[in-house]
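Coordinates as given in final_17.cif (mmCIF, C-alpha atoms):
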data_protein
loop_
_atom_site.label_atom_id
_atom_site.label_comp_id
_atom_site.auth_asym_id
_atom_site.auth_seq_id
_atom_site.Cartn_x
_atom_site.Cartn_y
_atom_site.Cartn_z
CA MET A 3 -14.12 20.90 -5.92
CA ASP A 4 -10.37 20.27 -6.10
CA ARG A 5 -8.65 17.00 -5.23
CA THR A 6 -7.31 18.16 -1.85
CA THR A 7 -10.67 19.52 -0.69
CA THR A 8 -12.46 16.35 -1.77
CA LEU A 9 -10.09 14.08 0.14
CA ARG A 10 -10.11 16.33 3.21
CA ARG A 11 -13.90 16.30 3.37
CA LEU A 12 -14.01 12.54 2.98
CA ALA A 13 -11.44 12.10 5.75
CA THR A 14 -12.84 14.58 8.26
CA THR A 15 -16.61 14.18 7.91
CA ALA A 16 -18.20 11.23 9.68
CA THR A 17 -19.06 8.75 6.90
CA GLY A 18 -17.88 11.50 4.53
CA ALA A 19 -19.90 10.37 1.51
CA ALA A 20 -22.41 7.65 0.70
CA PRO A 21 -20.73 4.45 -0.49
CA GLN A 22 -21.91 4.95 -4.07
CA ARG A 23 -20.57 8.51 -4.11
CA ALA A 24 -17.25 7.35 -2.64
CA ALA A 25 -16.96 4.82 -5.48
CA GLU A 26 -17.71 7.55 -8.04
CA LEU A 27 -15.06 9.82 -6.50
CA ALA A 28 -12.57 6.93 -6.54
CA ALA A 29 -12.97 6.64 -10.30
CA GLU A 30 -12.55 10.41 -10.71
CA LEU A 31 -9.44 10.56 -8.51
CA GLY A 32 -7.79 7.35 -9.72
CA ILE A 33 -7.80 5.84 -6.21
CA PRO A 34 -9.13 2.31 -5.52
CA ALA A 35 -12.79 2.32 -4.45
CA ALA A 36 -11.92 0.16 -1.43
CA ASP A 37 -9.52 2.86 -0.23
CA LEU A 38 -12.00 5.73 -0.52
CA LEU A 39 -14.61 3.67 1.30
CA VAL A 40 -12.10 3.33 4.15
CA VAL A 41 -11.32 7.06 4.12
CA ALA A 42 -15.04 7.89 4.15
CA GLY A 43 -15.66 5.58 7.11
CA HIS A 44 -17.56 2.80 5.32
CA PRO A 45 -17.03 -0.98 5.38
CA VAL A 46 -15.41 -2.49 2.30
CA PRO A 47 -17.45 -5.16 0.46
CA ALA A 48 -15.87 -8.60 0.33
CA GLU A 49 -15.65 -8.48 -3.48
CA LEU A 50 -13.17 -5.58 -3.24
CA LEU A 51 -10.86 -7.40 -0.81
CA PRO A 52 -8.19 -9.98 -1.62
CA PRO A 53 -9.08 -13.68 -1.41
CA GLY A 54 -7.72 -15.78 1.40
CA ARG A 55 -4.05 -16.50 0.67
CA ASP A 56 -0.77 -17.49 2.27
CA ALA A 57 1.01 -14.64 4.10
CA GLU A 58 4.50 -15.99 3.38
CA VAL A 59 3.79 -16.07 -0.35
CA MET A 60 2.47 -12.51 -0.15
CA ARG A 61 5.68 -11.45 1.62
CA ARG A 62 7.80 -13.16 -1.02
CA PHE A 63 5.86 -11.49 -3.84
CA ALA A 64 6.13 -8.03 -2.22
CA SER A 65 9.87 -8.43 -1.70
CA ALA A 66 10.44 -9.68 -5.25
CA ALA A 67 8.42 -6.82 -6.76
CA SER A 68 10.42 -4.27 -4.77
CA HIS A 69 13.58 -5.32 -6.64
CA CYS A 70 12.15 -4.21 -10.00
CA ASP A 71 12.98 -0.80 -11.42
CA HIS A 72 10.30 1.31 -13.11
CA ALA A 73 10.48 -0.35 -16.51
CA ARG A 74 10.32 -3.79 -14.91
CA LEU A 75 7.47 -2.73 -12.61
CA ALA A 76 5.43 -1.78 -15.67
CA GLU A 77 6.11 -5.21 -17.17
CA LEU A 78 5.27 -6.92 -13.89
CA ARG A 79 2.00 -5.04 -13.58
CA SER A 80 1.04 -6.06 -17.11
CA PHE A 81 1.82 -9.67 -16.21
CA VAL A 82 -0.26 -9.48 -13.02
CA VAL A 83 -3.21 -7.94 -14.84
CA SER A 84 -3.05 -10.67 -17.50
CA LEU A 85 -3.62 -13.46 -14.95
CA PRO A 86 -7.20 -14.77 -14.91
CA ARG A 87 -9.52 -13.51 -12.19
CA THR A 88 -11.18 -16.43 -10.43
CA ALA A 89 -13.70 -16.71 -7.62
CA ALA A 90 -12.06 -16.76 -4.18
CA ALA A 91 -11.62 -20.33 -2.91
CA GLU A 92 -11.38 -19.09 0.68
CA PRO A 93 -12.78 -16.03 2.45
CA PHE A 94 -10.47 -13.11 3.16
CA VAL A 95 -9.06 -12.94 6.70
CA ARG A 96 -7.53 -9.70 7.95
CA PRO A 97 -3.76 -10.17 8.30
CA THR A 98 -2.49 -9.82 11.86
CA TRP A 99 0.92 -9.66 13.47
CA PRO A 100 2.57 -10.11 16.89
CA GLY A 101 1.05 -7.65 19.34
CA TYR A 102 -2.01 -7.05 17.14
CA ARG A 103 -4.82 -5.07 18.75
CA PRO A 104 -7.47 -2.64 17.45
CA ALA A 105 -6.40 0.78 16.20
CA GLU A 106 -6.96 3.57 18.70
CA THR A 107 -7.11 6.60 16.38
CA ARG A 108 -8.84 7.39 13.08
CA ILE A 109 -5.66 7.69 11.02
CA ALA A 110 -4.19 4.47 12.48
CA ALA A 111 -7.41 2.66 11.54
CA VAL A 112 -7.28 4.13 8.03
CA LEU A 113 -3.65 3.06 7.51
CA ARG A 114 -4.41 -0.40 8.86
CA ASP A 115 -7.35 -0.81 6.51
CA LEU A 116 -5.43 0.48 3.50
CA LEU A 117 -2.88 -2.26 4.19
CA ARG A 118 -5.69 -4.80 4.60
CA ASN A 119 -7.17 -3.76 1.24
CA ARG A 120 -3.99 -5.09 -0.39
CA GLY A 121 -3.71 -8.19 1.79
CA PHE A 122 -0.76 -6.88 3.82
CA GLY A 123 0.05 -7.57 7.42
CA LEU A 124 3.09 -5.72 8.77
CA ARG A 125 5.32 -8.76 8.23
CA GLU A 126 4.42 -8.96 4.54
CA LEU A 127 5.47 -5.43 3.60
CA PRO A 128 8.63 -4.96 1.52
CA PHE A 129 11.61 -3.16 3.02
CA LEU A 130 10.52 0.41 3.91
CA GLY A 131 13.40 1.74 5.98
CA LEU A 132 11.15 1.63 9.07
CA SER A 133 11.42 -0.65 12.09
CA PHE A 134 8.64 -3.07 12.99
CA SER A 135 7.98 -1.10 16.17
CA THR A 136 7.54 2.09 14.14
CA LEU A 137 5.07 0.38 11.81
CA LEU A 138 3.24 -1.04 14.80
CA GLY A 139 2.90 2.46 16.26
CA MET A 140 1.56 3.76 12.95
CA VAL A 141 -1.31 1.26 12.89
CA ARG A 142 -2.06 1.55 16.62
CA ARG A 143 -2.16 5.31 17.22
CA PHE A 144 0.13 7.23 14.85
CA ASP A 145 0.36 10.11 17.29
CA PRO A 146 1.80 13.45 16.10
CA SER A 147 5.59 13.45 16.06
CA PRO A 148 8.47 15.06 14.13
CA TYR A 149 8.79 11.80 12.19
CA ARG A 150 5.24 11.48 10.84
CA ARG A 151 6.08 12.93 7.43
CA GLN A 152 9.01 10.57 6.99
CA GLN A 153 6.86 7.62 8.03
CA LEU A 154 4.06 8.56 5.63
CA SER A 155 6.58 9.03 2.82
CA ALA A 156 7.82 5.47 3.45
CA LEU A 157 4.38 3.83 3.52
CA ALA A 158 2.68 5.75 0.70
CA GLY A 159 4.59 4.01 -2.10
CA PRO A 160 3.64 0.39 -1.28
CA LEU A 161 0.06 1.57 -0.80
CA GLY A 162 0.10 3.08 -4.29
CA TRP A 163 -0.79 6.52 -2.90
CA ARG A 164 0.81 9.77 -4.00
CA LEU A 165 2.31 11.67 -1.07
CA PRO A 166 0.07 14.78 -1.22
CA ASP A 167 -3.07 12.59 -1.15
CA LEU A 168 -1.96 10.49 1.82
CA PHE A 169 -0.79 13.58 3.70
CA VAL A 170 -4.26 15.15 3.28
CA VAL A 171 -5.96 12.03 4.63
CA ALA A 172 -3.53 11.99 7.57
CA ASP A 173 -4.15 15.72 8.19
CA GLU A 174 -0.42 16.33 7.88
CA PRO A 175 1.03 19.36 6.04
CA CYS A 176 2.82 18.25 2.87
CA PRO A 177 6.03 20.26 2.48
CA PRO A 178 7.04 21.24 -1.05
CA GLY A 179 9.51 18.90 -2.68
CA ILE A 180 8.99 15.95 -0.32
CA ARG A 181 9.76 12.63 -1.98
CA PRO A 182 9.03 8.96 -1.29
CA MET A 183 11.58 7.52 1.10
CA VAL A 184 12.28 4.16 -0.58
CA HIS A 185 9.47 3.22 -2.97
CA CYS A 186 7.14 5.38 -5.06
CA HIS A 187 3.50 4.71 -5.93
CA HIS A 188 4.44 2.67 -9.00
CA LEU A 189 5.33 -0.28 -6.73
CA GLY A 190 1.99 0.12 -4.98
CA ARG A 191 0.18 0.01 -8.32
CA VAL A 192 1.52 -3.51 -8.78
CA PHE A 193 0.18 -4.47 -5.35
CA GLU A 194 -3.21 -2.93 -6.23
CA ALA A 195 -3.32 -4.97 -9.43
CA ALA A 196 -2.48 -8.12 -7.44
CA VAL A 197 -5.42 -7.76 -5.03
CA PRO A 198 -7.57 -10.44 -6.76
CA LEU A 199 -4.76 -13.00 -7.07
CA SER A 200 -4.79 -16.37 -5.35
CA THR A 201 -1.81 -17.81 -3.47
CA ALA A 202 -0.74 -19.82 -6.53
CA GLN A 203 -0.97 -16.73 -8.74
CA LEU A 204 1.03 -14.65 -6.25
CA ALA A 205 3.76 -17.31 -6.34
CA GLU A 206 3.70 -17.13 -10.15
CA ALA A 207 3.93 -13.32 -10.02
CA ALA A 208 6.83 -13.50 -7.55
CA ALA A 209 8.73 -15.80 -9.92
CA GLU A 210 8.08 -13.38 -12.77
CA ALA A 211 9.33 -10.46 -10.64
CA ASP A 212 12.54 -12.37 -9.92
CA ARG A 213 12.97 -13.11 -13.62
CA LEU A 214 12.45 -9.47 -14.58
CA SER A 215 14.80 -8.09 -11.93
CA ALA A 216 17.39 -10.84 -12.48
CA ARG A 217 17.65 -11.14 -8.70
CA GLU A 218 19.28 -14.28 -7.37
CA GLU A 219 17.60 -15.99 -4.43
CA HIS A 220 20.04 -16.60 -1.57
CA GLY A 221 17.59 -18.15 0.87
CA ALA A 222 17.23 -14.99 2.93
CA TRP A 223 15.37 -11.74 2.43
CA GLN A 224 17.67 -9.34 0.60
CA PRO A 225 15.93 -5.93 0.59
CA VAL A 226 16.65 -3.21 -1.93
CA SER A 227 18.95 -0.87 -0.03
CA GLN A 228 17.66 2.37 -1.50
CA GLY A 229 14.70 1.45 -3.70
CA PHE A 230 13.92 3.11 -7.01
CA ALA A 231 11.98 6.17 -5.82
CA GLU A 232 14.67 8.58 -7.03
CA GLU A 233 14.20 7.26 -10.56
CA CYS A 234 10.43 7.84 -10.55
CA PRO A 235 9.48 9.59 -13.81
CA ASP A 236 6.83 11.61 -11.94
CA LEU A 237 9.55 13.30 -9.89
CA ARG A 238 11.71 14.48 -12.79
#
Show this structure as structure tokens.
Amino acid sequence: MDRTTTLRRLATTATGAAPQRAAELAAELGIPAADLLVVAGHPVPAELLPPGRDAEVMRRFASAASHCDHARLAELRSFVVSLPRTAAAEPFVRPTWPGYRPAETRIAAVLRDLLRNRGFGLRELPFLGLSFSTLLGMVRRFDPSPYRRQQLSALAGPLGWRLPDLFVVADEPCPPGIRPMVHCHHLGRVFEAAVPLSTAQLAEAAAEADRLSAREEHGAWQPVSQGFAEECPDLR
């Protein structure tokens, strides 16, 4: 069974695969097990979720990481992976945001839970080129619109998902040649690696990201204007 068919079946069949099978498929596809459990309609065990941590520190880490180019992202990921994994001091709490309410459609619930799997609320995401109201609509209903492909191409990178895979899960045709809007999946791979980190470790990783990118802190969020998606080696 090819990759597209596998993901489509997981996404469109109620509880598309048993949890153990979803975990096996995750290893085969190179997608986090927590994510395929979400796609298949299963709860995610606590051990696969981030520990409880400070949302502002998560936001600062995400912003700092987004200023790293591809070479620096690889270094940052290696640094993150090198940090010791410790037992969670506090239980994970789903991040919320102003106007939070339950998702009303399957794909909105999936997107919301993919964000949760990385410890993101909407306020903690790096600059995506999307307004807060657009993001809010994506995790409430994400109704069909002419802008869905653009919105998916903006969110896929921080989630660490390749565009064709996320488009299949969203049941959206993936046009040939479509590219990430601001960030590619290499940024998201750093966020995946950071899932087990505590607040203190996230702060340490943010400082390392600033050192690698040589970004100066000016006391206000300074987003990357265009990101590094165009430099992605996978798109050459």
query = Mind telling me what the PyMOL selection byres ((chain A and resi 183) around 8) catches here, as a PyMOL selection string?
reply = chain A and resi 130-131+152+155-156+181-182+184-186+231
query = Expanded to explicit residues, what is the PyMOL selection byres ((chain A and resi 92-98) around 10) for this file, as a list of chain:residue names?
reply = A:Ala48, A:Glu49, A:Leu51, A:Pro52, A:Pro53, A:Gly54, A:Arg55, A:Asp56, A:Ala57, A:Ala89, A:Ala90, A:Ala91, A:Trp99, A:Pro100, A:Gly101, A:Tyr102, A:Arg103, A:Arg114, A:Asp115, A:Leu117, A:Arg118, A:Asn119, A:Gly121, A:Phe122, A:Gly123, A:Leu124, A:Arg125, A:Glu126, A:Ser200
key: Proximity to Arg62 in chain A - best of A:Asp167, A:Pro128, A:Val197, A:Phe134, all atoms listed in the file   =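 Nearest to Arg62 in chain A: A:Pro128.
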ask   = Which neighbours of Val141 in chain A fall inside 7 Å, counting all atoms listed in the file, when residues of the same chain fewer than 3 positions from it are skipped, and could you give them as number ranges by chain?
value = A: 105, 110-111, 113-114, 137-138, 144
Selected residues written out with C-alpha atoms, as a PDB file, keeping the file's coordinate frame:
ATOM      1  CA  ALA A 105      -6.400   0.780  16.200  1.00  0.00           C
ATOM      2  CA  ALA A 110      -4.190   4.470  12.480  1.00  0.00           C
ATOM      3  CA  ALA A 111      -7.410   2.660  11.540  1.00  0.00           C
ATOM      4  CA  LEU A 113      -3.650   3.060   7.510  1.00  0.00           C
ATOM      5  CA  ARG A 114      -4.410  -0.400   8.860  1.00  0.00           C
ATOM      6  CA  LEU A 137       5.070   0.380  11.810  1.00  0.00           C
ATOM      7  CA  LEU A 138       3.240  -1.040  14.800  1.00  0.00           C
ATOM      8  CA  PHE A 144       0.130   7.230  14.850  1.00  0.00           C
TER       9      PHE A 144
END
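Distance-wise, CA of Arg164 in chain A and CA of Leu204 in chain A end up 24.5 Å apart.
CA of Gly190 in chain A sits 4.8 Å away from CA of Leu161 in chain A.
Relative to CA of His188 in chain A, CA of Pro235 in chain A is found at 9.8 Å.
Proximity to Leu116 in chain A was assessed for A:Asp236, A:Glu210, A:Asp37, A:Asp4 counting all atoms listed in the file; the smallest distance is recorded for A:Asp37.
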ask   = Which one is closest to Arg151 in chain A: A:Ala172, A:Ala205, A:Ala64, A:Ile33? Count all atoms listed in the file.
value =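 Result for the nearest residue to Arg151 in chain A: A:Ala172.
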remark   = Residue with the minimum atom-to-atom distance to Leu199 in chain A, picked from A:Leu237, A:Ile109, A:Leu50, A:Val171 with all atoms listed in the file counted, is A:Leu50
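Using all atoms listed in the file, the nearest neighbour of Arg120 in chain A within the list A:Arg191, A:His72, A:His44, A:Arg10 is A:Arg191.
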message = Expand the PyMOL selection byres ((chain A and resi 75) around 12) into the explicit residue set it covers here, and present it as a ChimeraX atom specification.
response = /A:64,66-74,76-82,185-193,195,207-208,210-215,230,234
